[in-house]
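Trainee: start_28.pdb is reproduced below (PDB, C-alpha atoms).
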```pdb
MODEL        1
ATOM      1  CA  MET A 678     100.573 123.607  76.329
ATOM      2  CA  LEU A 679      99.738 125.815  79.320
ATOM      3  CA  ALA A 680      96.453 126.860  77.756
ATOM      4  CA  LEU A 681      95.557 123.192  77.163
ATOM      5  CA  LYS A 682      96.215 122.355  80.830
ATOM      6  CA  GLN A 683      94.043 125.224  81.951
ATOM      7  CA  LEU A 684      91.221 123.948  79.774
ATOM      8  CA  ILE A 685      91.513 120.520  81.347
ATOM      9  CA  LYS A 686      91.365 121.981  84.876
ATOM     10  CA  PRO A 687      87.947 122.368  86.502
ATOM     11  CA  THR A 688      86.347 125.773  86.292
ATOM     12  CA  CYS A 689      86.503 126.283  90.047
ATOM     13  CA  ALA A 690      90.226 125.510  90.140
ATOM     14  CA  VAL A 691      90.924 127.985  87.321
ATOM     15  CA  ARG A 692      88.917 130.679  89.073
ATOM     16  CA  SER A 693      90.693 130.045  92.382
ATOM     17  CA  ALA A 694      94.053 130.258  90.606
ATOM     18  CA  ALA A 695      93.007 133.526  89.017
ATOM     19  CA  ILE A 696      91.911 134.905  92.388
ATOM     20  CA  ALA A 697      95.236 133.881  93.903
ATOM     21  CA  VAL A 698      97.105 135.752  91.148
ATOM     22  CA  VAL A 699      95.015 138.861  91.627
ATOM     23  CA  GLY A 700      95.554 138.640  95.377
ATOM     24  CA  GLY A 701      91.958 138.199  96.556
ATOM     25  CA  GLY A 702      91.083 136.418  99.761
ATOM     26  CA  VAL A 703      88.159 134.362  98.456
ATOM     27  CA  HIS A 704      88.696 130.601  98.582
ATOM     28  CA  CYS A 705      87.123 128.390  95.914
ATOM     29  CA  ARG A 706      88.185 124.778  96.143
ATOM     30  CA  PRO A 707      87.863 122.340  93.216
ATOM     31  CA  PHE A 708      84.986 119.895  93.069
ATOM     32  CA  GLY A 709      85.435 116.866  95.293
ATOM     33  CA  ARG A 710      88.610 118.017  97.055
ATOM     34  CA  HIS A 711      88.897 118.457 100.797
ATOM     35  CA  PRO A 712      89.990 121.902 102.067
ATOM     36  CA  LYS A 713      93.707 121.887 102.760
ATOM     37  CA  ASN A 714      93.395 124.390 105.603
ATOM     38  CA  TYR A 715      91.621 121.918 107.855
ATOM     39  CA  PRO A 716      93.530 121.290 111.108
ATOM     40  CA  PRO A 717      95.366 117.951 111.359
ATOM     41  CA  PRO A 718      93.892 115.011 113.326
ATOM     42  CA  GLN A 719      94.156 115.304 117.087
ATOM     43  CA  ARG A 720      97.070 113.495 118.697
ATOM     44  CA  PRO A 721      96.134 111.193 121.585
ATOM     45  CA  ASP A 722      99.434 111.785 123.426
ATOM     46  CA  VAL A 723      99.079 115.584 123.718
ATOM     47  CA  GLU A 724      96.905 116.530 126.684
ATOM     48  CA  VAL A 725      94.439 119.358 126.104
ATOM     49  CA  PRO A 726      92.612 121.501 128.685
ATOM     50  CA  SER A 727      88.926 121.418 129.340
ATOM     51  CA  VAL A 728      86.717 123.058 126.737
ATOM     52  CA  LYS A 729      84.945 124.925 129.510
ATOM     53  CA  ASP A 730      88.242 126.519 130.530
ATOM     54  CA  LEU A 731      88.900 127.627 126.952
ATOM     55  CA  THR A 732      85.445 128.980 126.124
ATOM     56  CA  GLY A 733      83.978 129.766 129.556
ATOM     57  CA  HIS A 734      84.726 133.490 129.248
ATOM     58  CA  ILE A 735      82.632 133.872 126.061
ATOM     59  CA  VAL A 736      79.304 135.566 126.746
ATOM     60  CA  LYS A 737      77.924 136.153 123.243
ATOM     61  CA  THR A 738      77.592 133.395 120.664
ATOM     62  CA  PRO A 739      80.146 134.105 117.905
ATOM     63  CA  LYS A 740      79.552 133.612 114.234
ATOM     64  CA  VAL A 741      81.136 130.492 112.784
ATOM     65  CA  TYR A 742      82.980 132.666 110.257
ATOM     66  CA  ASN A 743      84.608 134.733 113.027
ATOM     67  CA  TRP A 744      85.262 131.728 115.260
ATOM     68  CA  ILE A 745      87.205 129.833 112.600
ATOM     69  CA  ARG A 746      89.278 132.856 111.548
ATOM     70  CA  GLN A 747      90.593 133.855 114.954
ATOM     71  CA  PRO A 748      94.197 135.067 114.617
ATOM     72  CA  PHE A 749      97.010 133.282 116.384
ATOM     73  CA  GLN A 750      98.174 135.268 119.403
ATOM     74  CA  HIS A 751     101.913 135.355 118.762
ATOM     75  CA  ASP A 752     104.262 136.915 121.269
ATOM     76  CA  PRO A 753     107.889 137.364 120.122
ATOM     77  CA  SER A 754     109.116 137.236 123.732
ATOM     78  CA  ASP A 755     107.908 133.648 124.234
ATOM     79  CA  ASP A 756     110.472 130.891 124.305
ATOM     80  CA  LYS A 757     110.306 127.913 121.982
ATOM     81  CA  GLU A 758     108.425 125.613 124.358
ATOM     82  CA  THR A 759     105.801 128.254 125.230
ATOM     83  CA  ALA A 760     105.252 129.098 121.576
ATOM     84  CA  ARG A 761     104.843 125.420 120.754
ATOM     85  CA  ARG A 762     102.281 124.974 123.528
ATOM     86  CA  LYS A 763     100.343 128.033 122.401
ATOM     87  CA  ARG A 764     100.337 126.682 118.873
ATOM     88  CA  GLN A 765      98.915 123.346 120.053
ATOM     89  CA  LEU A 766      96.129 125.107 121.962
ATOM     90  CA  TYR A 767      95.377 127.269 118.933
ATOM     91  CA  VAL A 768      95.127 124.236 116.647
ATOM     92  CA  PHE A 769      92.920 122.438 119.188
ATOM     93  CA  GLN A 770      90.648 125.470 119.490
ATOM     94  CA  ARG A 771      90.213 125.522 115.722
ATOM     95  CA  THR A 772      88.914 121.959 115.854
ATOM     96  CA  LEU A 773      86.128 122.937 118.274
ATOM     97  CA  PRO A 774      82.695 124.117 117.139
ATOM     98  CA  ALA A 775      81.633 127.636 117.961
ATOM     99  CA  PRO A 776      80.479 127.869 121.609
ATOM    100  CA  VAL A 777      76.798 128.561 122.250
ATOM    101  CA  PRO A 778      76.456 130.404 125.597
ATOM    102  CA  SER A 779      72.914 131.470 124.663
ATOM    103  CA  ALA A 780      70.366 130.571 122.002
ATOM    104  CA  VAL A 781      66.755 131.137 121.013
ATOM    105  CA  LEU A 782      64.777 128.103 119.855
ATOM    106  CA  HIS A 783      62.838 128.505 116.635
ATOM    107  CA  GLY A 784      59.104 128.035 116.869
ATOM    108  CA  SER A 785      58.732 128.331 120.644
ATOM    109  CA  HIS A 786      61.137 131.337 120.858
ATOM    110  CA  THR A 787      62.461 129.982 124.141
ATOM    111  CA  THR A 788      65.607 131.733 125.331
ATOM    112  CA  LEU A 789      68.284 129.350 126.598
ATOM    113  CA  GLY A 790      71.140 130.290 128.877
ATOM    114  CA  PRO A 791      74.569 128.695 129.399
ATOM    115  CA  GLU A 792      73.119 126.324 132.009
ATOM    116  CA  ASN A 793      70.955 124.787 129.245
ATOM    117  CA  THR A 794      73.220 124.921 126.186
ATOM    118  CA  PHE A 795      76.387 123.480 127.693
ATOM    119  CA  ARG A 796      77.771 120.388 125.968
ATOM    120  CA  ARG A 797      78.317 117.149 127.847
ATOM    121  CA  TRP A 798      81.025 114.608 127.013
ATOM    122  CA  TRP A 799      80.332 110.974 126.166
ATOM    123  CA  ILE A 800      82.762 108.161 125.428
ATOM    124  CA  ALA A 801      82.150 105.106 123.263
ATOM    125  CA  ASP A 802      84.347 102.058 122.745
ATOM    126  CA  ALA A 803      84.187 100.852 119.136
ATOM    127  CA  SER A 804      85.659  97.428 119.915
ATOM    128  CA  GLU A 805      83.568  94.680 118.306
ATOM    129  CA  LYS A 806      80.677  97.063 117.590
ATOM    130  CA  ASN A 807      78.825  97.248 114.315
ATOM    131  CA  LEU A 808      79.843 100.262 112.258
ATOM    132  CA  GLY A 809      76.334 101.273 111.234
ATOM    133  CA  ARG A 810      74.757 100.984 114.669
ATOM    134  CA  LEU A 811      77.635 102.858 116.302
ATOM    135  CA  ALA A 812      77.484 105.648 113.712
ATOM    136  CA  GLN A 813      73.719 105.918 114.197
ATOM    137  CA  ASP A 814      74.094 106.375 117.966
ATOM    138  CA  ILE A 815      76.865 108.955 117.507
ATOM    139  CA  ALA A 816      74.882 110.959 114.945
ATOM    140  CA  HIS A 817      71.888 110.963 117.291
ATOM    141  CA  VAL A 818      73.943 112.521 120.100
ATOM    142  CA  ILE A 819      75.980 115.092 118.160
ATOM    143  CA  MET A 820      72.775 116.361 116.567
ATOM    144  CA  GLY A 821      71.288 116.842 120.035
ATOM    145  CA  LYS A 822      68.165 114.754 119.458
ATOM    146  CA  HIS A 823      68.465 113.262 122.931
ATOM    147  CA  LYS A 824      67.858 116.709 124.473
ATOM    148  CA  PRO A 825      64.535 118.470 125.030
ATOM    149  CA  ILE A 826      66.072 121.619 123.499
ATOM    150  CA  TYR A 827      66.760 120.022 120.104
ATOM    151  CA  ASP A 828      66.597 122.499 117.222
ATOM    152  CA  LYS A 829      67.513 121.437 113.705
ATOM    153  CA  SER A 830      68.868 124.916 112.901
ATOM    154  CA  LEU A 831      71.302 125.062 115.864
ATOM    155  CA  VAL A 832      74.354 123.053 116.901
ATOM    156  CA  LEU A 833      73.327 122.000 120.414
ATOM    157  CA  GLY A 834      74.675 118.439 120.465
ATOM    158  CA  ASP A 835      77.218 116.889 122.824
ATOM    159  CA  PHE A 836      80.811 115.806 122.362
ATOM    160  CA  VAL A 837      81.446 112.121 121.680
ATOM    161  CA  VAL A 838      84.883 110.523 122.130
ATOM    162  CA  VAL A 839      85.331 107.251 120.250
ATOM    163  CA  VAL A 840      88.300 105.014 121.114
ATOM    164  CA  ASN A 841      89.545 101.786 119.507
ATOM    165  CA  ALA A 842      88.242 102.829 116.104
ATOM    166  CA  GLU A 843      90.553 100.291 114.453
ATOM    167  CA  LYS A 844      88.612  97.424 116.077
ATOM    168  CA  VAL A 845      85.211  98.339 114.659
ATOM    169  CA  ARG A 846      83.243  95.458 113.177
ATOM    170  CA  MET A 847      81.464  95.152 109.822
ATOM    171  CA  THR A 848      78.757  92.637 109.107
ATOM    172  CA  GLY A 849      78.540  90.443 106.037
ATOM    173  CA  LYS A 850      81.140  90.971 103.308
ATOM    174  CA  LYS A 851      81.462  94.735 103.710
ATOM    175  CA  ARG A 852      85.086  94.544 104.833
ATOM    176  CA  THR A 853      86.136  92.954 101.538
ATOM    177  CA  GLN A 854      83.565  94.391  99.113
ATOM    178  CA  LYS A 855      82.740  97.917 100.298
ATOM    179  CA  LYS A 856      84.503 100.771  98.472
ATOM    180  CA  TYR A 857      84.563 104.534  98.897
ATOM    181  CA  THR A 858      84.366 106.609  95.735
ATOM    182  CA  HIS A 859      85.366 110.222  95.153
ATOM    183  CA  HIS A 860      86.262 112.354  92.155
ATOM    184  CA  THR A 861      89.298 114.621  92.109
ATOM    185  CA  GLY A 862      87.659 117.081  89.711
ATOM    186  CA  PHE A 863      89.894 116.259  86.747
ATOM    187  CA  ILE A 864      88.731 114.277  83.747
ATOM    188  CA  GLY A 865      88.879 110.511  84.262
ATOM    189  CA  ASN A 866      89.996 110.741  87.900
ATOM    190  CA  LEU A 867      87.311 108.710  89.648
ATOM    191  CA  LYS A 868      89.047 107.105  92.627
ATOM    192  CA  HIS A 869      87.949 103.935  94.457
ATOM    193  CA  THR A 870      89.307 103.123  97.923
ATOM    194  CA  PRO A 871      88.511  99.717  99.481
ATOM    195  CA  VAL A 872      87.361  99.974 103.072
ATOM    196  CA  GLU A 873      89.877  97.300 104.100
ATOM    197  CA  ARG A 874      92.772  99.479 102.923
ATOM    198  CA  LEU A 875      91.290 102.542 104.627
ATOM    199  CA  LEU A 876      90.989 100.630 107.909
ATOM    200  CA  GLU A 877      94.703  99.840 107.760
ATOM    201  CA  ARG A 878      95.811 103.393 106.956
ATOM    202  CA  LYS A 879      93.187 105.660 108.571
ATOM    203  CA  PRO A 880      90.753 103.673 110.735
ATOM    204  CA  ILE A 881      89.165 106.829 112.148
ATOM    205  CA  GLU A 882      88.156 107.898 108.622
ATOM    206  CA  VAL A 883      85.788 104.921 108.304
ATOM    207  CA  ILE A 884      83.695 105.973 111.301
ATOM    208  CA  ARG A 885      83.886 109.634 110.332
ATOM    209  CA  ARG A 886      82.497 108.918 106.871
ATOM    210  CA  ALA A 887      79.720 106.762 108.308
ATOM    211  CA  VAL A 888      78.626 109.521 110.700
ATOM    212  CA  HIS A 889      79.097 112.135 107.957
ATOM    213  CA  GLY A 890      76.590 110.333 105.761
ATOM    214  CA  MET A 891      73.980 110.145 108.540
ATOM    215  CA  LEU A 892      73.920 113.872 109.297
ATOM    216  CA  PRO A 893      71.644 116.328 107.468
ATOM    217  CA  LYS A 894      73.221 117.657 104.293
ATOM    218  CA  ASN A 895      73.461 121.355 105.143
ATOM    219  CA  LYS A 896      75.959 123.948 106.358
ATOM    220  CA  LEU A 897      75.770 122.681 109.928
ATOM    221  CA  ARG A 898      77.203 119.267 109.095
ATOM    222  CA  ASP A 899      80.837 120.382 109.364
ATOM    223  CA  GLU A 900      80.148 122.097 112.686
ATOM    224  CA  ARG A 901      78.428 119.005 114.069
ATOM    225  CA  LEU A 902      81.280 116.773 112.970
ATOM    226  CA  LYS A 903      83.622 118.848 115.164
ATOM    227  CA  LEU A 904      81.821 117.348 118.158
ATOM    228  CA  LEU A 905      83.133 113.905 117.167
ATOM    229  CA  ARG A 906      86.555 112.955 118.555
ATOM    230  CA  LEU A 907      87.966 109.806 116.965
ATOM    231  CA  PHE A 908      91.048 107.855 118.059
ATOM    232  CA  ALA A 909      92.402 104.628 116.621
ATOM    233  CA  GLY A 910      93.651 103.233 119.949
ATOM    234  CA  PRO A 911      92.468 103.254 123.550
ATOM    235  CA  ALA A 912      94.292 106.494 124.462
ATOM    236  CA  HIS A 913      92.750 109.953 124.144
ATOM    237  CA  PRO A 914      93.791 113.435 125.359
ATOM    238  CA  HIS A 915      90.459 114.484 126.900
ATOM    239  CA  THR A 916      91.247 113.390 130.446
ATOM    240  CA  ALA A 917      90.264 116.823 131.794
ATOM    241  CA  GLU A 918      86.637 116.248 130.798
ATOM    242  CA  VAL A 919      83.977 114.298 132.696
ATOM    243  CA  LEU A 920      83.315 111.403 130.325
ATOM    244  CA  ASP A 921      80.139 109.368 130.689
ATOM    245  CA  PRO A 922      79.726 106.052 128.841
ATOM    246  CA  LEU A 923      77.441 106.359 125.843
ATOM    247  CA  PRO A 924      74.378 104.166 126.529
ATOM    248  CA  GLU A 925      73.020 101.903 123.840
ATOM    249  CA  PHE A 926      69.519 103.340 124.169
ATOM    250  CA  LYS A 927      69.303 107.120 123.951
ATOM    251  CA  ARG A 928      66.158 107.220 126.075
ATOM    252  CA  GLU A 929      68.369 106.506 129.072
ATOM    253  CA  ILE A 930      70.171 109.849 128.584
ATOM    254  CA  ARG A 931      68.594 112.311 130.985
ATOM    255  CA  SER A 932      69.127 116.046 130.707
ATOM    256  CA  PRO A 933      70.962 117.251 133.825
ATOM    257  CA  TRP A 934      68.827 120.403 134.147
ATOM    258  CA  VAL A 935      65.464 118.581 133.887
ATOM    259  CA  PRO A 936      64.353 116.873 137.109
ATOM    260  CA  PRO A 937      63.487 113.190 136.608
ATOM    261  CA  ARG A 938      59.816 112.406 136.433
ATOM    262  CA  ALA A 939      58.192 110.426 139.206
ATOM    263  CA  GLU A 940      58.033 106.765 138.395
ATOM    264  CA  ILE A 941      54.579 105.782 137.194
ATOM    265  CA  LYS A 942      53.242 102.912 139.223
ATOM    266  CA  PRO A 943      51.790 100.068 137.159
ATOM    267  CA  LYS A 944      48.031  99.886 137.088
ATOM    268  CA  GLU A 945      46.478  97.389 139.465
ATOM    269  CA  SER A 946      44.853  94.455 137.732
ATOM    270  CA  ARG A 947      41.116  94.534 138.398
ATOM    271  CA  ILE A 948      38.133  92.686 137.022
ATOM    272  CA  GLU A 949      34.789  94.206 136.094
ATOM    273  CA  ILE A 950      31.475  92.465 136.779
ATOM    274  CA  PHE A 951      28.342  93.635 135.015
ATOM    275  CA  THR A 952      24.842  92.825 136.184
ATOM    276  CA  MET A 953      22.000  91.326 134.227
ATOM    277  CA  ASP A 954      18.624  90.921 135.908
ATOM    278  CA  GLY A 955      20.285  91.571 139.260
ATOM    279  CA  LYS A 956      22.723  88.658 138.827
ATOM    280  CA  PRO A 957      26.465  89.043 138.284
ATOM    281  CA  MET A 958      27.688  88.464 134.730
ATOM    282  CA  PRO A 959      31.495  88.015 134.925
ATOM    283  CA  GLU A 960      34.009  88.399 132.106
ATOM    284  CA  LEU A 961      37.407  86.720 132.050
ATOM    285  CA  VAL A 962      39.176  89.932 130.948
ATOM    286  CA  ASN A 963      40.751  92.409 133.381
ATOM    287  CA  ASN A 964      40.923  96.189 133.011
ATOM    288  CA  LEU A 965      44.273  95.927 131.183
ATOM    289  CA  GLY A 966      42.716  93.835 128.413
ATOM    290  CA  ASP A 967      44.483  90.613 129.405
ATOM    291  CA  GLN A 968      42.753  87.246 129.342
ATOM    292  CA  ILE A 969      42.722  85.618 132.767
ATOM    293  CA  SER A 970      41.744  82.194 134.033
ATOM    294  CA  GLU A 971      38.755  81.345 136.236
ATOM    295  CA  GLU A 972      41.005  80.677 139.225
ATOM    296  CA  GLU A 973      42.733  84.032 138.884
ATOM    297  CA  ALA A 974      39.399  85.817 138.432
ATOM    298  CA  GLN A 975      37.992  84.158 141.571
ATOM    299  CA  ARG A 976      41.150  85.119 143.471
ATOM    300  CA  MET A 977      40.728  88.756 142.395
ATOM    301  CA  VAL A 978      37.089  88.665 143.555
ATOM    302  CA  ASP A 979      38.121  87.211 146.918
ATOM    303  CA  GLU A 980      40.797  89.921 147.349
ATOM    304  CA  GLY A 981      38.332  92.680 146.489
ATOM    305  CA  ASN A 982      39.953  93.742 143.222
ATOM    306  CA  VAL A 983      36.596  93.923 141.522
ATOM    307  CA  THR A 984      34.545  96.745 140.048
ATOM    308  CA  ILE A 985      30.752  96.332 139.864
ATOM    309  CA  ARG A 986      28.909  98.575 137.478
ATOM    310  CA  ASP A 987      25.591  98.521 139.371
ATOM    311  CA  GLU A 988      25.790 101.203 142.078
ATOM    312  CA  SER A 989      23.500  99.287 144.444
ATOM    313  CA  LEU A 990      25.643  96.164 144.153
ATOM    314  CA  ASN A 991      28.800  98.257 144.383
ATOM    315  CA  ALA A 992      27.622  99.804 147.650
ATOM    316  CA  ALA A 993      26.671  96.386 148.948
ATOM    317  CA  ALA A 994      30.043  94.947 147.890
ATOM    318  CA  GLN A 995      31.804  97.359 150.227
ATOM    319  CA  LYS A 996      30.012  95.831 153.231
ATOM    320  CA  VAL A 997      29.333  92.250 152.231
ATOM    321  CA  GLU A 998      31.868  89.811 150.822
ATOM    322  CA  MET A 999      31.312  88.751 147.234
ATOM    323  CA  PRO A1000      29.889  85.258 146.925
ATOM    324  CA  LYS A1001      31.527  82.684 144.718
ATOM    325  CA  VAL A1002      30.564  83.413 141.127
ATOM    326  CA  ASP A1003      29.495  80.724 138.719
ATOM    327  CA  TRP A1004      31.843  81.303 135.765
ATOM    328  CA  ASP A1005      29.989  78.827 133.541
ATOM    329  CA  TRP A1006      26.721  80.796 133.524
ATOM    330  CA  GLU A1007      26.794  81.157 129.714
ATOM    331  CA  LYS A1008      26.896  77.389 129.201
ATOM    332  CA  LYS A1009      23.869  76.881 131.453
TER     333      LYS A1009
ENDMDL
END
```
Would you mind writing the file out in structure tokens?

Mentor:
Amino acid sequence: MLALKQLIKPTCAVRSAAIAVVGGGVHCRPFGRHPKNYPPPQRPDVEVPSVKDLTGHIVKTPKVYNWIRQPFQHDPSDDKETARRKRQLYVFQRTLPAPVPSAVLHGSHTTLGPENTFRRWWIADASEKNLGRLAQDIAHVIMGKHKPIYDKSLVLGDFVVVVNAEKVRMTGKKRTQKKYTHHTGFIGNLKHTPVERLLERKPIEVIRRAVHGMLPKNKLRDERLKLLRLFAGPAHPHTAEVLDPLPEFKREIRSPWVPPRAEIKPKESRIEIFTMDGKPMPELVNNLGDQISEEEAQRMVDEGNVTIRDESLNAAAQKVEMPKVDWDWEKK
């Protein structure tokens, strides 16, 4: 009977069980299952310090492997409350992506310092917002595409805090018809979860899955998802951070280390007059390509907003006022 059960188990699960018996440290999870060593969801009622205070002392960018496997600093002399607080900070630190105090961009080989790679904090309210549009904006920010230092091989995005995830809106009949599907790895165990049931039990999982599907499918996806902080209600523990509202249009996000460009003044509307046999030949089109009326063209001529292609007439136009032009010269 035991041999039959082992045959039914997936190959990866059997190999992981064999490794556990031998005593190896390699982890091989079954197909379709989530790792059980992931930290639990963040509690909104437990205040956490600023990420800069936790990771500000790091000078060299650590490997993700070493960052995740940091040992818990246990001190036997600590009392129960101190040990509990240290444990909360340790669990919170495990939910953070590896800090990037310095980086080198691929292609341009530009070296970035901590003043360029620091991560800002944005906050978004999911109340009455479409799930797809909200997930698209979040994925854009946590990937870092709104920054001039975007590199697809580095995790240089910003943190995004999403509140009121339980009030997110779905268009059409998605709330009643959409289903999430996953396989446990065992024969015949294809599971279907309606999105309506998932919104009742774990509303933050709906937004997380939407953002998860919009990120590139590579090893950096899990690290980028750590920049997303989801909370079902309006409360969140990141009060120590400077939270800016997430704008609807990402072009409005300006990098704090790049000075804003000078505003480009709109081009002045002018009209061009060509000459034919020494007589003006007007056109009812300005330099911007817009069609204008005869009254507006005559007003532009009276104000001097006119360009004459003939140099002799152009020199004369600077001294003598332009006469009234006959705009119906083609008809005559």

Trainee: Which is closest to Lys896 in chain A among A:Gln770, A:Ser830, A:Thr848, A:Thr858, if we use all atoms listed in the file?

Mentor: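 Using all atoms listed in the file, Lys896 in chain A sits closest to A:Ser830.
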
Trainee: Which value, in Å to one decimal, gives the distance between CA of Ala760 in chain A and CA of Pro748 in chain A?

Mentor: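 Computing the Euclidean distance for CA of Ala760 in chain A and CA of Pro748 in chain A yields 14.4 Å.
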
Trainee: Near Lys822 in chain A, counting only C-alpha atoms, which residues have an atom at most 9 Å away, once you skip same-chain residues fewer than 5 positions from it, shown as JSON, numbers by chain?

Mentor: {"A": [816, 817, 827, 828, 829, 833, 834, 927]}

Trainee: Would you put the residues from that selection into a file with C-alpha atoms, as a PDB file, in the frame of the given file?

Mentor:
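Result file part-v7.pdb:
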```pdb
ATOM      1  CA  ALA A 816      74.882 110.959 114.945  1.00  0.00           C
ATOM      2  CA  HIS A 817      71.888 110.963 117.291  1.00  0.00           C
ATOM      3  CA  TYR A 827      66.760 120.022 120.104  1.00  0.00           C
ATOM      4  CA  ASP A 828      66.597 122.499 117.222  1.00  0.00           C
ATOM      5  CA  LYS A 829      67.513 121.437 113.705  1.00  0.00           C
ATOM      6  CA  LEU A 833      73.327 122.000 120.414  1.00  0.00           C
ATOM      7  CA  GLY A 834      74.675 118.439 120.465  1.00  0.00           C
ATOM      8  CA  LYS A 927      69.303 107.120 123.951  1.00  0.00           C
TER       9      LYS A 927
END
```

Trainee: Mind telling me what the PyMOL selection byres ((chain A and resi 730-740) around 7) catches here, as a PDB file with C-alpha atoms, in the frame of the given file?

Mentor:
```pdb
ATOM      1  CA  PRO A 726      92.612 121.501 128.685  1.00  0.00           C
ATOM      2  CA  SER A 727      88.926 121.418 129.340  1.00  0.00           C
ATOM      3  CA  VAL A 728      86.717 123.058 126.737  1.00  0.00           C
ATOM      4  CA  LYS A 729      84.945 124.925 129.510  1.00  0.00           C
ATOM      5  CA  VAL A 741      81.136 130.492 112.784  1.00  0.00           C
ATOM      6  CA  TYR A 742      82.980 132.666 110.257  1.00  0.00           C
ATOM      7  CA  ASN A 743      84.608 134.733 113.027  1.00  0.00           C
ATOM      8  CA  TRP A 744      85.262 131.728 115.260  1.00  0.00           C
ATOM      9  CA  ALA A 775      81.633 127.636 117.961  1.00  0.00           C
ATOM     10  CA  PRO A 776      80.479 127.869 121.609  1.00  0.00           C
ATOM     11  CA  VAL A 777      76.798 128.561 122.250  1.00  0.00           C
ATOM     12  CA  PRO A 778      76.456 130.404 125.597  1.00  0.00           C
ATOM     13  CA  SER A 779      72.914 131.470 124.663  1.00  0.00           C
TER      14      SER A 779
END
```

Trainee: Could you spell out the hits of the PyMOL selection byres ((chain A and resi 769) around 12) on the shown file, as a PyMOL selection string?

Mentor: chain A and resi 715-721+723-728+731+745+749+762-768+770-774+903+906+914-915

Trainee: Please report the interatomic distance between CA of Leu811 in chain A and CA of Arg846 in chain A in Å with one decimal.

Mentor: 9.8 Å

Trainee: What does the distance between CA of Pro911 in chain A and CA of Asp722 in chain A come to in Å, to one decimal place?

Mentor: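 Spanning CA of Pro911 in chain A to CA of Asp722 in chain A is a straight-line distance of 11.0 Å.
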
Trainee: Pick out the closest residue to Asp835 in chain A from this set: A:Thr916, A:Ser804, A:Gln813, A:Thr794. Count only C-alpha atoms.

Mentor: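 Selected residue with least distance to Asp835 in chain A: A:Thr794.
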
Trainee: I'd like the neighbourhood of Leu831 in chain A as a PDB file with C-alpha atoms, in the frame of the given file, where a residue qualifies if any of its atoms comes within 10 Å (using all atoms listed in the file), though same-chain residues fewer than 3 positions away should be ignored.

Mentor:
```pdb
ATOM      1  CA  VAL A 777      76.798 128.561 122.250  1.00  0.00           C
ATOM      2  CA  ALA A 780      70.366 130.571 122.002  1.00  0.00           C
ATOM      3  CA  VAL A 781      66.755 131.137 121.013  1.00  0.00           C
ATOM      4  CA  LEU A 782      64.777 128.103 119.855  1.00  0.00           C
ATOM      5  CA  HIS A 783      62.838 128.505 116.635  1.00  0.00           C
ATOM      6  CA  MET A 820      72.775 116.361 116.567  1.00  0.00           C
ATOM      7  CA  GLY A 821      71.288 116.842 120.035  1.00  0.00           C
ATOM      8  CA  ILE A 826      66.072 121.619 123.499  1.00  0.00           C
ATOM      9  CA  TYR A 827      66.760 120.022 120.104  1.00  0.00           C
ATOM     10  CA  ASP A 828      66.597 122.499 117.222  1.00  0.00           C
ATOM     11  CA  GLY A 834      74.675 118.439 120.465  1.00  0.00           C
ATOM     12  CA  LEU A 897      75.770 122.681 109.928  1.00  0.00           C
ATOM     13  CA  GLU A 900      80.148 122.097 112.686  1.00  0.00           C
ATOM     14  CA  ARG A 901      78.428 119.005 114.069  1.00  0.00           C
TER      15      ARG A 901
END
```
